[in-house]
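Next up, coords.tsv (TSV, C-alpha atoms and all ligand atoms):
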chain	number	residue	atom	x	y	z
B	1	MET	CA	-0.20	-4.60	23.47
B	2	GLU	CA	1.40	-4.64	20.06
B	3	VAL	CA	0.24	-7.68	18.06
B	4	SER	CA	2.33	-8.14	14.96
B	5	SER	CA	1.52	-10.31	11.99
B	6	SER	CA	1.70	-14.01	12.76
B	7	VAL	CA	0.78	-15.08	9.24
B	8	ALA	CA	2.75	-18.09	8.08
B	9	ARG	CA	3.56	-17.27	4.48
B	10	LYS	CA	3.38	-20.00	1.93
B	11	GLN	CA	6.91	-20.94	0.91
B	12	THR	CA	7.61	-20.02	-2.68
B	13	ARG	CA	10.74	-20.09	-4.78
B	14	GLN	CA	12.78	-16.94	-4.77
B	15	ILE	CA	13.68	-14.89	-7.82
B	16	SER	CA	15.47	-11.55	-8.24
B	17	VAL	CA	13.99	-8.62	-10.09
B	18	GLY	CA	17.12	-6.51	-10.39
B	19	ASP	CA	18.28	-6.27	-6.79
B	20	VAL	CA	14.81	-6.89	-5.30
B	21	LEU	CA	14.18	-10.42	-4.08
B	22	VAL	CA	10.67	-11.75	-4.64
B	23	GLY	CA	9.35	-14.94	-3.01
B	24	GLY	CA	10.87	-17.24	-0.42
B	25	ASP	CA	11.56	-15.34	2.79
B	26	ALA	CA	11.85	-11.94	1.07
B	27	PRO	CA	9.51	-9.22	2.36
B	28	VAL	CA	6.38	-8.71	0.26
B	29	SER	CA	7.36	-6.10	-2.32
B	30	ILE	CA	5.36	-3.18	-3.65
B	31	GLN	CA	4.90	-2.50	-7.34
B	32	SER	CA	3.32	0.25	-9.35
B	33	MET	CA	3.20	1.32	-12.96
B	34	THR	CA	3.97	4.57	-14.73
B	35	ILE	CA	1.24	6.27	-16.74
B	36	THR	CA	3.54	8.41	-18.87
B	37	LYS	CA	4.54	7.55	-22.43
B	38	THR	CA	7.67	5.47	-21.92
B	39	ALA	CA	9.29	7.34	-24.82
B	40	ASP	CA	9.10	10.46	-22.62
B	41	VAL	CA	12.27	9.60	-20.71
B	42	GLU	CA	12.40	12.58	-18.33
B	43	GLY	CA	8.66	12.51	-17.53
B	44	THR	CA	8.77	8.75	-16.90
B	45	LEU	CA	11.86	9.00	-14.70
B	46	GLN	CA	10.24	11.77	-12.69
B	47	GLN	CA	7.26	9.50	-12.05
B	48	ILE	CA	9.50	6.53	-11.19
B	49	TYR	CA	11.32	8.65	-8.59
B	50	ALA	CA	7.98	9.76	-7.11
B	51	LEU	CA	6.80	6.15	-6.96
B	52	ALA	CA	10.01	5.00	-5.31
B	53	ALA	CA	9.72	7.81	-2.73
B	54	ALA	CA	6.15	6.70	-1.95
B	55	GLY	CA	7.26	3.11	-1.34
B	56	ALA	CA	7.42	1.29	-4.69
B	57	ASP	CA	10.16	-1.36	-4.79
B	58	ILE	CA	9.66	-2.20	-8.47
B	59	VAL	CA	8.10	-0.12	-11.26
B	60	ARG	CA	6.54	-1.32	-14.52
B	61	CYS	CA	6.51	0.71	-17.71
B	62	THR	CA	4.63	-0.12	-20.86
B	63	CYS	CA	6.70	-1.21	-23.82
B	64	ASN	CA	4.19	-0.96	-26.62
B	65	GLU	CA	6.25	0.53	-29.45
B	66	ILE	CA	9.83	0.80	-30.50
B	67	GLU	CA	10.09	4.36	-29.13
B	68	ALA	CA	9.11	2.95	-25.70
B	69	ALA	CA	11.87	0.34	-25.89
B	70	GLU	CA	14.35	3.05	-26.82
B	71	GLY	CA	13.10	5.11	-23.88
B	72	LEU	CA	13.68	2.11	-21.59
B	73	ALA	CA	17.32	1.96	-22.69
B	74	ARG	CA	17.72	5.47	-21.25
B	75	ILE	CA	15.42	5.01	-18.25
B	76	VAL	CA	16.76	1.73	-16.81
B	77	PRO	CA	20.31	2.95	-16.00
B	78	ARG	CA	18.95	6.04	-14.22
B	79	SER	CA	16.10	4.41	-12.34
B	80	PRO	CA	16.35	4.08	-8.53
B	81	VAL	CA	14.32	0.83	-8.65
B	82	PRO	CA	14.19	-2.19	-10.99
B	83	ILE	CA	12.11	-1.68	-14.13
B	84	ILE	CA	9.75	-4.23	-15.65
B	85	ALA	CA	8.49	-3.91	-19.22
B	86	ASP	CA	4.80	-4.57	-19.76
B	87	ILE	CA	4.24	-6.48	-22.99
B	88	HIS	CA	0.98	-7.10	-24.81
B	89	HIS	CA	0.38	-8.56	-28.27
B	90	GLN	CA	3.86	-8.03	-29.75
B	91	TYR	CA	6.47	-10.51	-28.61
B	92	LYS	CA	9.08	-8.45	-30.46
B	93	MET	CA	8.58	-5.69	-27.91
B	94	ALA	CA	9.69	-8.19	-25.23
B	95	MET	CA	12.87	-8.81	-27.21
B	96	ALA	CA	13.44	-5.07	-27.60
B	97	ALA	CA	12.83	-4.42	-23.89
B	98	MET	CA	15.38	-7.08	-22.94
B	99	GLU	CA	17.85	-5.46	-25.28
B	100	ALA	CA	17.12	-2.16	-23.50
B	101	GLY	CA	18.26	-3.77	-20.25
B	102	VAL	CA	15.01	-4.14	-18.27
B	103	ASP	CA	15.06	-6.14	-15.03
B	104	GLY	CA	11.92	-8.13	-15.83
B	105	LEU	CA	9.06	-8.67	-18.25
B	106	ARG	CA	5.34	-9.05	-17.85
B	107	LEU	CA	3.68	-11.11	-20.59
B	108	ASN	CA	-0.05	-11.45	-21.02
B	109	PRO	CA	-0.65	-15.05	-22.13
B	110	GLY	CA	-4.09	-14.01	-23.39
B	111	ASN	CA	-2.69	-11.86	-26.17
B	112	ILE	CA	0.70	-13.36	-27.01
B	113	ARG	CA	-0.47	-16.81	-28.00
B	114	ARG	CA	1.85	-18.34	-30.59
B	115	PRO	CA	3.96	-20.98	-28.82
B	116	GLU	CA	7.05	-20.21	-30.91
B	117	HIS	CA	6.86	-16.54	-29.88
B	118	ILE	CA	6.40	-17.37	-26.18
B	119	LYS	CA	9.28	-19.83	-26.26
B	120	ALA	CA	11.55	-17.40	-28.11
B	121	VAL	CA	10.98	-14.78	-25.40
B	122	ALA	CA	11.52	-17.30	-22.59
B	123	ALA	CA	14.74	-18.62	-24.19
B	124	GLU	CA	16.11	-15.08	-24.51
B	125	ALA	CA	15.08	-14.27	-20.90
B	126	LYS	CA	16.84	-17.45	-19.77
B	127	ASP	CA	20.06	-16.42	-21.51
B	128	ARG	CA	19.88	-12.97	-19.94
B	129	ASN	CA	18.72	-14.21	-16.51
B	130	ILE	CA	15.66	-11.95	-16.63
B	131	PRO	CA	12.47	-13.01	-14.80
B	132	ILE	CA	9.06	-12.98	-16.46
B	133	ARG	CA	5.67	-12.50	-14.85
B	134	ILE	CA	2.90	-14.52	-16.41
B	135	GLY	CA	0.23	-11.87	-16.09
B	136	VAL	CA	-3.13	-13.57	-16.59
B	137	ASN	CA	-6.07	-11.20	-16.72
B	138	ALA	CA	-9.70	-12.37	-16.49
B	139	GLY	CA	-10.67	-9.81	-19.10
B	140	SER	CA	-8.18	-10.95	-21.75
B	141	LEU	CA	-7.97	-14.73	-21.66
B	142	ASP	CA	-7.30	-16.83	-24.73
B	143	PRO	CA	-10.75	-17.13	-26.44
B	144	LYS	CA	-10.38	-20.94	-26.34
B	145	LEU	CA	-10.51	-20.78	-22.53
B	146	TYR	CA	-13.70	-18.69	-22.54
B	147	GLU	CA	-15.17	-21.32	-24.86
B	148	LYS	CA	-14.06	-24.22	-22.69
B	149	TYR	CA	-15.17	-22.77	-19.34
B	150	GLY	CA	-18.07	-20.55	-20.48
B	151	SER	CA	-16.57	-17.49	-18.76
B	152	ALA	CA	-13.45	-16.33	-16.93
B	153	THR	CA	-13.57	-18.82	-14.07
B	154	PRO	CA	-10.74	-19.35	-11.56
B	155	GLU	CA	-10.05	-22.68	-13.30
B	156	ALA	CA	-9.74	-20.95	-16.69
B	157	MET	CA	-7.31	-18.41	-15.26
B	158	VAL	CA	-5.17	-21.08	-13.59
B	159	GLU	CA	-5.15	-23.12	-16.81
B	160	SER	CA	-3.95	-20.06	-18.73
B	161	ALA	CA	-1.01	-19.68	-16.32
B	162	GLN	CA	-0.20	-23.40	-16.47
B	163	THR	CA	-0.22	-23.47	-20.26
B	164	GLU	CA	2.27	-20.60	-20.32
B	165	MET	CA	4.43	-22.31	-17.69
B	166	ALA	CA	4.51	-25.45	-19.84
B	167	TYR	CA	5.92	-23.45	-22.77
B	168	PHE	CA	8.53	-21.92	-20.48
B	169	ASP	CA	9.36	-25.38	-19.21
B	170	GLU	CA	10.06	-26.57	-22.74
B	171	VAL	CA	12.98	-24.16	-22.97
B	172	GLY	CA	14.08	-24.77	-19.36
B	173	PHE	CA	13.05	-21.31	-18.13
B	174	ASP	CA	11.82	-21.00	-14.53
B	175	LEU	CA	12.46	-17.41	-13.37
B	176	ILE	CA	8.72	-16.96	-13.11
B	177	LYS	CA	6.19	-15.10	-11.06
B	178	ILE	CA	2.50	-15.29	-11.77
B	179	SER	CA	-0.60	-13.18	-11.41
B	180	VAL	CA	-4.25	-14.07	-12.04
B	181	LYS	CA	-5.95	-10.72	-11.73
B	182	ALA	CA	-9.62	-9.91	-12.12
B	183	SER	CA	-11.70	-6.86	-11.32
B	184	SER	CA	-14.04	-9.09	-9.30
B	185	VAL	CA	-12.63	-9.60	-5.81
B	186	PRO	CA	-14.20	-13.06	-5.17
B	187	LEU	CA	-12.97	-14.26	-8.59
B	188	MET	CA	-9.39	-13.12	-8.09
B	189	VAL	CA	-9.26	-14.44	-4.52
B	190	GLU	CA	-10.41	-17.88	-5.64
B	191	ALA	CA	-8.11	-17.89	-8.68
B	192	TYR	CA	-5.05	-17.11	-6.51
B	193	ARG	CA	-6.07	-19.73	-3.94
B	194	GLN	CA	-6.29	-22.38	-6.63
B	195	LEU	CA	-3.07	-21.22	-8.26
B	196	SER	CA	-1.15	-21.35	-4.99
B	197	GLU	CA	-2.21	-25.01	-4.64
B	198	VAL	CA	-0.59	-25.98	-7.92
B	199	THR	CA	2.59	-23.91	-8.04
B	200	ASP	CA	5.38	-22.72	-5.79
B	201	HIS	CA	6.41	-19.87	-8.08
B	202	PRO	CA	6.05	-16.48	-6.36
B	203	LEU	CA	2.69	-14.78	-6.85
B	204	HIS	CA	2.02	-11.15	-7.74
B	205	LEU	CA	-1.32	-10.04	-6.29
B	206	GLY	CA	-3.71	-7.46	-7.64
B	207	VAL	CA	-7.32	-6.58	-8.33
B	208	THR	CA	-7.21	-5.27	-11.86
B	209	GLU	CA	-9.07	-2.12	-12.92
B	210	ALA	CA	-10.15	-1.56	-9.32
B	211	GLY	CA	-11.19	1.98	-10.28
B	212	PRO	CA	-10.81	5.34	-8.57
B	213	PRO	CA	-10.46	5.71	-4.79
B	214	PRO	CA	-12.08	5.24	-2.38
B	215	ALA	CA	-14.03	2.32	-3.93
B	216	GLY	CA	-10.93	1.17	-5.84
B	217	LEU	CA	-8.84	1.19	-2.69
B	218	ILE	CA	-11.46	-0.85	-0.87
B	219	LYS	CA	-11.73	-3.44	-3.65
B	220	ALA	CA	-7.97	-3.80	-4.02
B	221	THR	CA	-7.46	-4.01	-0.26
B	222	ALA	CA	-10.24	-6.58	0.12
B	223	GLY	CA	-8.64	-8.88	-2.43
B	224	ILE	CA	-4.97	-8.36	-1.62
B	225	ALA	CA	-5.34	-8.35	2.19
B	226	THR	CA	-7.53	-11.47	2.20
B	227	LEU	CA	-4.86	-13.41	0.35
B	228	LEU	CA	-1.92	-12.00	2.29
B	229	LEU	CA	-3.60	-13.01	5.54
B	230	GLU	CA	-3.86	-16.54	4.17
B	231	GLY	CA	-0.11	-16.46	3.55
B	232	ILE	CA	-0.53	-16.13	-0.24
B	233	GLY	CA	1.35	-13.48	-2.20
B	234	ASP	CA	4.92	-12.29	-2.61
B	235	THR	CA	4.52	-8.95	-4.36
B	236	ILE	CA	1.51	-6.65	-4.75
B	237	ARG	CA	0.16	-3.88	-6.92
B	238	TYR	CA	-2.84	-1.62	-6.36
B	239	SER	CA	-4.37	-0.82	-9.78
B	240	LEU	CA	-6.10	2.48	-9.14
B	241	THR	CA	-7.54	5.05	-11.49
B	242	ALA	CA	-5.50	7.75	-9.80
B	243	ASP	CA	-2.03	9.21	-9.64
B	244	PRO	CA	0.14	6.05	-9.42
B	245	VAL	CA	1.83	7.53	-6.34
B	246	GLU	CA	-1.47	6.66	-4.60
B	247	GLU	CA	-0.93	3.02	-5.60
B	248	ALA	CA	2.55	2.86	-4.16
B	249	ARG	CA	1.46	4.61	-0.98
B	250	ALA	CA	-1.54	2.29	-0.56
B	251	GLY	CA	0.65	-0.77	-1.06
B	252	ARG	CA	3.11	0.39	1.56
B	253	GLN	CA	0.38	1.33	4.01
B	254	LEU	CA	-1.35	-2.03	3.60
B	255	LEU	CA	1.84	-4.00	4.22
B	256	GLU	CA	2.70	-1.85	7.24
B	257	ALA	CA	-0.83	-2.23	8.62
B	258	LEU	CA	-0.64	-6.02	8.26
B	259	GLY	CA	2.75	-6.09	9.97
B	260	LEU	CA	4.34	-7.50	6.80
B	261	ARG	CA	6.73	-4.59	6.29
B	262	GLU	CA	8.59	-2.52	8.80
B	263	ARG	CA	6.97	0.87	9.34
B	264	LYS	CA	8.86	3.66	7.57
B	265	ASN	CA	6.29	6.42	7.53
B	266	VAL	CA	3.81	7.94	9.92
B	267	ASP	CA	0.85	5.84	11.05
B	268	LEU	CA	-1.74	8.54	11.63
B	269	ILE	CA	-4.64	7.58	13.86
B	270	ALA	CA	-7.49	9.93	14.70
B	271	CYS	CA	-10.64	9.71	16.77
B	272	PRO	CA	-13.92	9.66	14.83
B	273	SER	CA	-14.97	12.84	16.67
B	274	CYS	CA	-18.11	13.19	18.72
B	275	GLY	CA	-20.08	15.77	20.62
B	276	ARG	CA	-17.11	16.42	22.88
B	277	ALA	CA	-14.85	17.48	20.03
B	278	GLU	CA	-13.30	20.87	20.60
B	279	VAL	CA	-11.98	21.13	17.07
B	280	ASP	CA	-12.85	19.99	13.52
B	281	VAL	CA	-11.07	16.63	13.83
B	282	ILE	CA	-11.42	15.78	10.14
B	283	LYS	CA	-9.79	19.06	9.12
B	284	VAL	CA	-6.94	18.78	11.64
B	285	ALA	CA	-6.32	15.12	10.75
B	286	ASN	CA	-6.15	16.04	7.04
B	287	GLU	CA	-3.82	18.95	7.78
B	288	ALA	CA	-1.61	16.60	9.79
B	289	MET	CA	-1.65	13.99	7.00
B	290	GLU	CA	-0.56	16.65	4.56
B	291	ALA	CA	2.10	18.05	6.88
B	292	PHE	CA	3.66	14.61	7.43
B	293	GLY	CA	3.27	13.55	3.78
B	294	ASP	CA	5.85	10.90	2.95
B	295	ARG	CA	8.30	11.95	5.71
B	296	LYS	CA	10.29	8.99	6.91
B	297	LEU	CA	9.01	9.04	10.50
B	298	PRO	CA	8.15	5.52	11.70
B	299	LEU	CA	5.85	6.81	14.48
B	300	GLN	CA	2.23	6.38	15.42
B	301	ILE	CA	0.68	9.83	15.65
B	302	ALA	CA	-2.77	10.58	17.06
B	303	VAL	CA	-5.15	13.44	16.36
B	304	MET	CA	-7.87	13.51	19.02
B	305	GLY	CA	-10.84	15.82	19.27
B	306	CYS	CA	-10.81	16.53	22.98
B	307	VAL	CA	-8.46	16.65	25.91
B	308	VAL	CA	-11.01	14.87	28.12
B	309	ASN	CA	-10.56	11.44	26.56
B	310	GLY	CA	-7.98	11.96	23.79
B	311	PRO	CA	-4.66	11.40	25.57
B	312	GLY	CA	-5.98	8.33	27.38
B	313	GLU	CA	-7.66	6.75	24.37
B	314	ALA	CA	-4.51	7.22	22.31
B	315	ARG	CA	-2.04	6.34	25.07
B	316	ASP	CA	-0.22	3.83	22.85
B	317	ALA	CA	0.52	6.45	20.20
B	318	ASP	CA	4.08	7.77	20.21
B	319	ILE	CA	2.82	11.31	20.07
B	320	GLY	CA	-0.55	12.98	19.69
B	321	ILE	CA	-2.50	16.15	19.89
B	322	ALA	CA	-5.83	16.71	21.62
B	323	ALA	CA	-7.92	19.87	21.42
B	324	GLY	CA	-9.34	21.68	24.40
B	325	ASN	CA	-10.42	25.18	25.20
B	326	LYS	CA	-8.93	26.61	21.97
B	327	ARG	CA	-5.59	25.05	22.77
B	328	GLY	CA	-3.73	22.03	21.52
B	329	HIS	CA	-2.49	19.57	24.12
B	330	LEU	CA	0.49	17.57	22.98
B	331	PHE	CA	1.01	14.20	24.57
B	332	ILE	CA	3.68	11.54	24.30
B	333	LYS	CA	2.71	7.96	25.18
B	334	GLY	CA	-0.36	9.37	26.96
B	335	GLN	CA	1.57	11.95	29.02
B	336	ASN	CA	0.84	15.63	28.46
B	337	VAL	CA	4.01	17.41	27.42
B	338	ALA	CA	3.00	20.84	26.09
B	339	VAL	CA	0.06	23.14	25.53
B	340	VAL	CA	0.12	25.27	22.38
B	341	PRO	CA	-2.27	27.68	20.63
B	342	GLU	CA	-4.81	25.77	18.50
B	343	ASP	CA	-3.56	27.22	15.20
B	344	GLU	CA	-0.01	26.03	15.92
B	345	MET	CA	-0.85	22.51	16.93
B	346	VAL	CA	-0.13	20.75	13.64
B	347	ASP	CA	3.24	22.51	13.23
B	348	GLN	CA	4.15	21.65	16.82
B	349	LEU	CA	3.07	18.05	16.28
B	350	VAL	CA	5.45	17.79	13.33
B	351	GLU	CA	8.27	19.47	15.26
B	352	TRP	CA	7.93	17.13	18.26
B	353	ALA	CA	7.62	14.10	16.00
B	354	GLU	CA	10.87	15.05	14.25
B	355	PHE	CA	12.48	15.46	17.68
B	356	ILE	CA	11.30	12.01	18.84
B	357	ASN	CA	12.49	10.46	15.62
B	358	GLU	CA	15.93	11.94	16.10
B	359	HIS	CA	16.39	11.71	19.88
B	360	GLY	CA	13.84	9.18	21.15
B	361	ILE	CA	10.83	9.26	23.47
B	362	ASP	CA	12.83	9.63	26.71
B	363	ALA	CA	14.68	12.71	25.46
B	364	ALA	CA	11.37	14.25	24.38
B	365	LEU	CA	9.86	13.63	27.82
B	366	GLU	CA	12.94	15.19	29.42
B	367	ARG	CA	12.62	18.23	27.18
B	368	ALA	CA	9.03	18.80	28.33
B	369	ASP	CA	7.79	20.66	31.38
B	370	LEU	CA	5.61	17.75	32.44
B	371	ASP	CA	4.19	19.34	35.59
B	372	LYS	CA	3.09	22.47	33.77
B	373	ALA	CA	1.59	20.51	30.87
B	374	ARG	CA	-0.31	18.25	33.28
B	375	ARG	CA	-1.66	21.23	35.22
B	376	GLU	CA	-2.82	22.99	32.05
B	377	ALA	CA	-4.38	19.83	30.69
B	378	GLU	CA	-6.21	19.25	33.97
B	379	LYS	CA	-7.51	22.81	33.87
B	380	ASP	CA	-8.95	22.40	30.35
B	381	ARG	CA	-10.24	18.92	31.09
B	382	ALA	CA	-12.03	20.13	34.21
B	383	LYS	CA	-13.49	23.10	32.34
B	384	LEU	CA	-14.87	20.89	29.57
B	385	LEU	CA	-16.27	18.34	31.99
B	386	ASP	CA	-17.87	21.16	33.86
B	387	GLU	CA	-19.47	22.57	30.69
B	388	GLN	CA	-20.41	19.29	29.04
B	389	GLY	CA	-20.74	16.89	31.93
B	390	ASP	CA	-19.93	13.27	31.21
B	391	ASP	CA	-22.75	12.95	28.68
B	392	ALA	CA	-21.46	15.26	25.96
B	393	ASN	CA	-23.62	13.68	23.28
B	394	HIS	CA	-26.77	14.17	25.35
B	395	ALA	CA	-27.48	10.45	25.07
B	396	ASN	CA	-29.19	10.26	28.44
B	397	GLU	CA	-31.59	13.04	27.45
B	398	LYS	CA	-32.38	11.23	24.21
B	399	ILE	CA	-32.95	7.96	26.01
B	400	VAL	CA	-35.45	9.61	28.32
B	401	GLN	CA	-37.24	10.97	25.20
B	402	ILE	CA	-37.24	7.56	23.55
B	403	ARG	CA	-38.64	5.90	26.64
B	404	SER	CA	-41.39	8.49	26.91
B	405	LYS	CA	-42.53	7.57	23.38
B	406	VAL	CA	-42.92	3.80	23.80
C	1	LIG	S1	-14.43	11.73	23.36
C	1	LIG	FE1	-12.90	13.16	22.56
C	1	LIG	S2	-11.31	11.84	21.76
C	1	LIG	FE2	-13.10	10.52	22.02
C	1	LIG	S3	-14.18	10.61	20.02
C	1	LIG	FE3	-15.04	12.25	21.27
C	1	LIG	S4	-13.81	14.05	20.69
C	1	LIG	FE4	-12.66	12.27	20.03
Go through the file and emit its structure as structure tokens.
Amino acid sequence: MEVSSSVARKQTRQISVGDVLVGGDAPVSIQSMTITKTADVEGTLQQIYALAAAGADIVRCTCNEIEAAEGLARIVPRSPVPIIADIHHQYKMAMAAMEAGVDGLRLNPGNIRRPEHIKAVAAEAKDRNIPIRIGVNAGSLDPKLYEKYGSATPEAMVESAQTEMAYFDEVGFDLIKISVKASSVPLMVEAYRQLSEVTDHPLHLGVTEAGPPPAGLIKATAGIATLLLEGIGDTIRYSLTADPVEEARAGRQLLEALGLRERKNVDLIACPSCGRAEVDVIKVANEAMEAFGDRKLPLQIAVMGCVVNGPGEARDADIGIAAGNKRGHLFIKGQNVAVVPEDEMVDQLVEWAEFINEHGIDAALERADLDKARREAEKDRAKLLDEQGDDANHANEKIVQIRSKV
């Protein structure tokens, strides 16, 4: 039974970042950030295209010097996705980025602190209809807030965002989204919860400086998924110490896994392997992951270690492969459809998946010689059961041993 997300999302106001809607009933969007020098126009564009292909809806580029702003003037018109300029310390860089034509700004209230500068940027953004993210970061709060609260508490982070909002309010600017990121998951979760109580502006979720994968992926997922499942969050970014394509891919995969975005790419499932495995499941699963890459195939694909249990355990998968007797058994919705040599099974899996994507499950089942595939599968299944019995992990033997020792 397919259970899709039943999360009631908190209603927020909607803004547009270029042509991407954020907040309200818009799907949760995926963001990432380039790590090139923004002045390197071709290198940055190449990365933006790679990020968009991996699932990013919006990309942020640093605008830290005049050469970066000039680069943005060349990048924005050629970018496949809206571009946000990341601004720290120098409010003039925000002005320059707007002149360059960016679709949004991110300001850090912790390091652009003079009210007249903040208001000047907001007034200009209002005239140009450009949204601004108030990007609070636990590690760079206004020193006065550290003094007042003793450390970067959720309350301090929310106050930082509210102070910035009040300045924006003074010039009548409300195209706002807000983030209160921290590298501590419990801190960021609590800060976002408190923030969502006091504002209906859309929220941008992230665990900042989460670090390299896999720990960084786990931290970011823990924080972002917890909030999304509470209905909080309108746009997300994984901050990983890795190729930013990993960030975009992780964001997309998380939203697809939570049922918050329609599946566009392969959902690869694989058994954990066990004593029955007839093949190195980890290796085959990795080969399959690589072979599918970012192909636009919205299918669930299974890699299973043995033909004894594989097709049955993965019967909900659109297509899968199970190993047995040095052969790969392809199955569609649990039905065996073909038997191929073991070293061809990943290629065949890709070929059949492409076929299903183009012609559908029924056409693929029609294309198969089902009787032959079933017979061959039965043969291998029977052989393995014969060799391994139904206790392939020798658990019964071990239990007898354990009992003899107590
Ligand atoms: S029984 Fe087969 S499919 Fe299940 S975990 Fe073991 S090898 Fe994988």
Around (9.6, 7.3, -10.8), as given in the file, which residues come within 12 Å? Count all atoms listed in the file and list them as number ranges by chain. B: 31-36, 38, 41-61, 75-76, 78-83, 243-245, 248
Show me which residues line ligand LIG 1 (chain C), defined as having an atom within 7 Å of a ligand atom where only C-alpha atoms and all ligand atoms count, and present them as number ranges by chain. B: 271-278, 304-310, 313
Could those selected residues go to a file with C-alpha atoms, as a PDB file, in the coordinates of the input?
ATOM      1  CA  CYS B 271     -10.640   9.710  16.770  1.00  0.00           C
ATOM      2  CA  PRO B 272     -13.920   9.660  14.830  1.00  0.00           C
ATOM      3  CA  SER B 273     -14.970  12.840  16.670  1.00  0.00           C
ATOM      4  CA  CYS B 274     -18.110  13.190  18.720  1.00  0.00           C
ATOM      5  CA  GLY B 275     -20.080  15.770  20.620  1.00  0.00           C
ATOM      6  CA  ARG B 276     -17.110  16.420  22.880  1.00  0.00           C
ATOM      7  CA  ALA B 277     -14.850  17.480  20.030  1.00  0.00           C
ATOM      8  CA  GLU B 278     -13.300  20.870  20.600  1.00  0.00           C
ATOM      9  CA  MET B 304      -7.870  13.510  19.020  1.00  0.00           C
ATOM     10  CA  GLY B 305     -10.840  15.820  19.270  1.00  0.00           C
ATOM     11  CA  CYS B 306     -10.810  16.530  22.980  1.00  0.00           C
ATOM     12  CA  VAL B 307      -8.460  16.650  25.910  1.00  0.00           C
ATOM     13  CA  VAL B 308     -11.010  14.870  28.120  1.00  0.00           C
ATOM     14  CA  ASN B 309     -10.560  11.440  26.560  1.00  0.00           C
ATOM     15  CA  GLY B 310      -7.980  11.960  23.790  1.00  0.00           C
ATOM     16  CA  GLU B 313      -7.660   6.750  24.370  1.00  0.00           C
TER      17      GLU B 313
END
Using all atoms listed in the file, can you tell me which of B:Gly18, B:Pro186, B:Gly135, B:Gly259 comes closest to Val158 of chain B? B:Gly135
Please identify all polymer residues within 8 Å of Gly231 of chain B, counting all atoms listed in the file, omitting same-chain residues fewer than 3 positions from it, and present them as a PyMOL selection string. chain B and resi 7-10+227-228
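The two atoms in question, atom CA of Gly312 of chain B and atom CA of Ala338 of chain B, are spaced 15.5 Å apart.
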Mind listing as an mmCIF file with C-alpha atoms, in the coordinates of the input all residues within 10 Å of (-4.3, 17.0, 25.1), counting all atoms listed in the file?
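Output file part_7.cif is given in full below:
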data_model
loop_
_atom_site.group_PDB
_atom_site.id
_atom_site.type_symbol
_atom_site.label_atom_id
_atom_site.label_comp_id
_atom_site.auth_asym_id
_atom_site.auth_seq_id
_atom_site.Cartn_x
_atom_site.Cartn_y
_atom_site.Cartn_z
ATOM 1 C CA VAL B 303 -5.150 13.440 16.360
ATOM 2 C CA MET B 304 -7.870 13.510 19.020
ATOM 3 C CA GLY B 305 -10.840 15.820 19.270
ATOM 4 C CA CYS B 306 -10.810 16.530 22.980
ATOM 5 C CA VAL B 307 -8.460 16.650 25.910
ATOM 6 C CA VAL B 308 -11.010 14.870 28.120
ATOM 7 C CA ASN B 309 -10.560 11.440 26.560
ATOM 8 C CA GLY B 310 -7.980 11.960 23.790
ATOM 9 C CA PRO B 311 -4.660 11.400 25.570
ATOM 10 C CA GLY B 312 -5.980 8.330 27.380
ATOM 11 C CA GLY B 320 -0.550 12.980 19.690
ATOM 12 C CA ILE B 321 -2.500 16.150 19.890
ATOM 13 C CA ALA B 322 -5.830 16.710 21.620
ATOM 14 C CA ALA B 323 -7.920 19.870 21.420
ATOM 15 C CA GLY B 324 -9.340 21.680 24.400
ATOM 16 C CA ARG B 327 -5.590 25.050 22.770
ATOM 17 C CA GLY B 328 -3.730 22.030 21.520
ATOM 18 C CA HIS B 329 -2.490 19.570 24.120
ATOM 19 C CA LEU B 330 0.490 17.570 22.980
ATOM 20 C CA PHE B 331 1.010 14.200 24.570
ATOM 21 C CA ILE B 332 3.680 11.540 24.300
ATOM 22 C CA GLY B 334 -0.360 9.370 26.960
ATOM 23 C CA GLN B 335 1.570 11.950 29.020
ATOM 24 C CA ASN B 336 0.840 15.630 28.460
ATOM 25 C CA VAL B 337 4.010 17.410 27.420
ATOM 26 C CA ALA B 338 3.000 20.840 26.090
ATOM 27 C CA VAL B 339 0.060 23.140 25.530
ATOM 28 C CA VAL B 340 0.120 25.270 22.380
ATOM 29 C CA ALA B 373 1.590 20.510 30.870
ATOM 30 C CA ARG B 374 -0.310 18.250 33.280
ATOM 31 C CA GLU B 376 -2.820 22.990 32.050
ATOM 32 C CA ALA B 377 -4.380 19.830 30.690
ATOM 33 C CA GLU B 378 -6.210 19.250 33.970
ATOM 34 C CA ASP B 380 -8.950 22.400 30.350
ATOM 35 C CA ARG B 381 -10.240 18.920 31.090
#
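The two atoms in question, atom CA of Arg261 of chain B and atom CA of Ala363 of chain B, are spaced 27.0 Å apart.
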For atom CA of Gly71 of chain B and atom CA of Ile87 of chain B, the interatomic separation in Å (one decimal): 14.6 Å
Pick the closest to Asp343 of chain B from B:Ile282, B:Gly150, B:Ile402, B:Glu287: which is it, counting only C-alpha atoms? B:Glu287
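Nearest-residue note for Gln300 of chain B: choosing from B:Ser160, B:Gln14, B:Asn137, B:Asn357, the minimum distance belongs to B:Asn357, counting only C-alpha atoms.
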List as a tab-separated table every residue of segment 1-42 of chain B that is in contact with segment 232-236 of chain B, defined as an atom at most 9 Å from one of its atoms (using all atoms listed in the file), together with the nearest atom pair and the distance in Å rounded to one decimal, sorted by chain and then rising number.
residue	atom	partner	partner_atom	distance
B:Arg9	CA	B:Ile232	CA	6.3
B:Lys10	CA	B:Ile232	CA	5.9
B:Gln11	CA	B:Ile232	CA	8.9
B:Thr12	CA	B:Asp234	CA	8.2
B:Val22	CA	B:Asp234	CA	6.1
B:Gly23	CA	B:Asp234	CA	5.2
B:Gly24	CA	B:Asp234	CA	8.0
B:Ala26	CA	B:Asp234	CA	7.9
B:Pro27	CA	B:Asp234	CA	7.4
B:Val28	CA	B:Asp234	CA	4.8
B:Ser29	CA	B:Thr235	CA	4.5
B:Ile30	CA	B:Ile236	CA	5.3
B:Gln31	CA	B:Ile236	CA	6.0
B:Ser32	CA	B:Ile236	CA	8.5
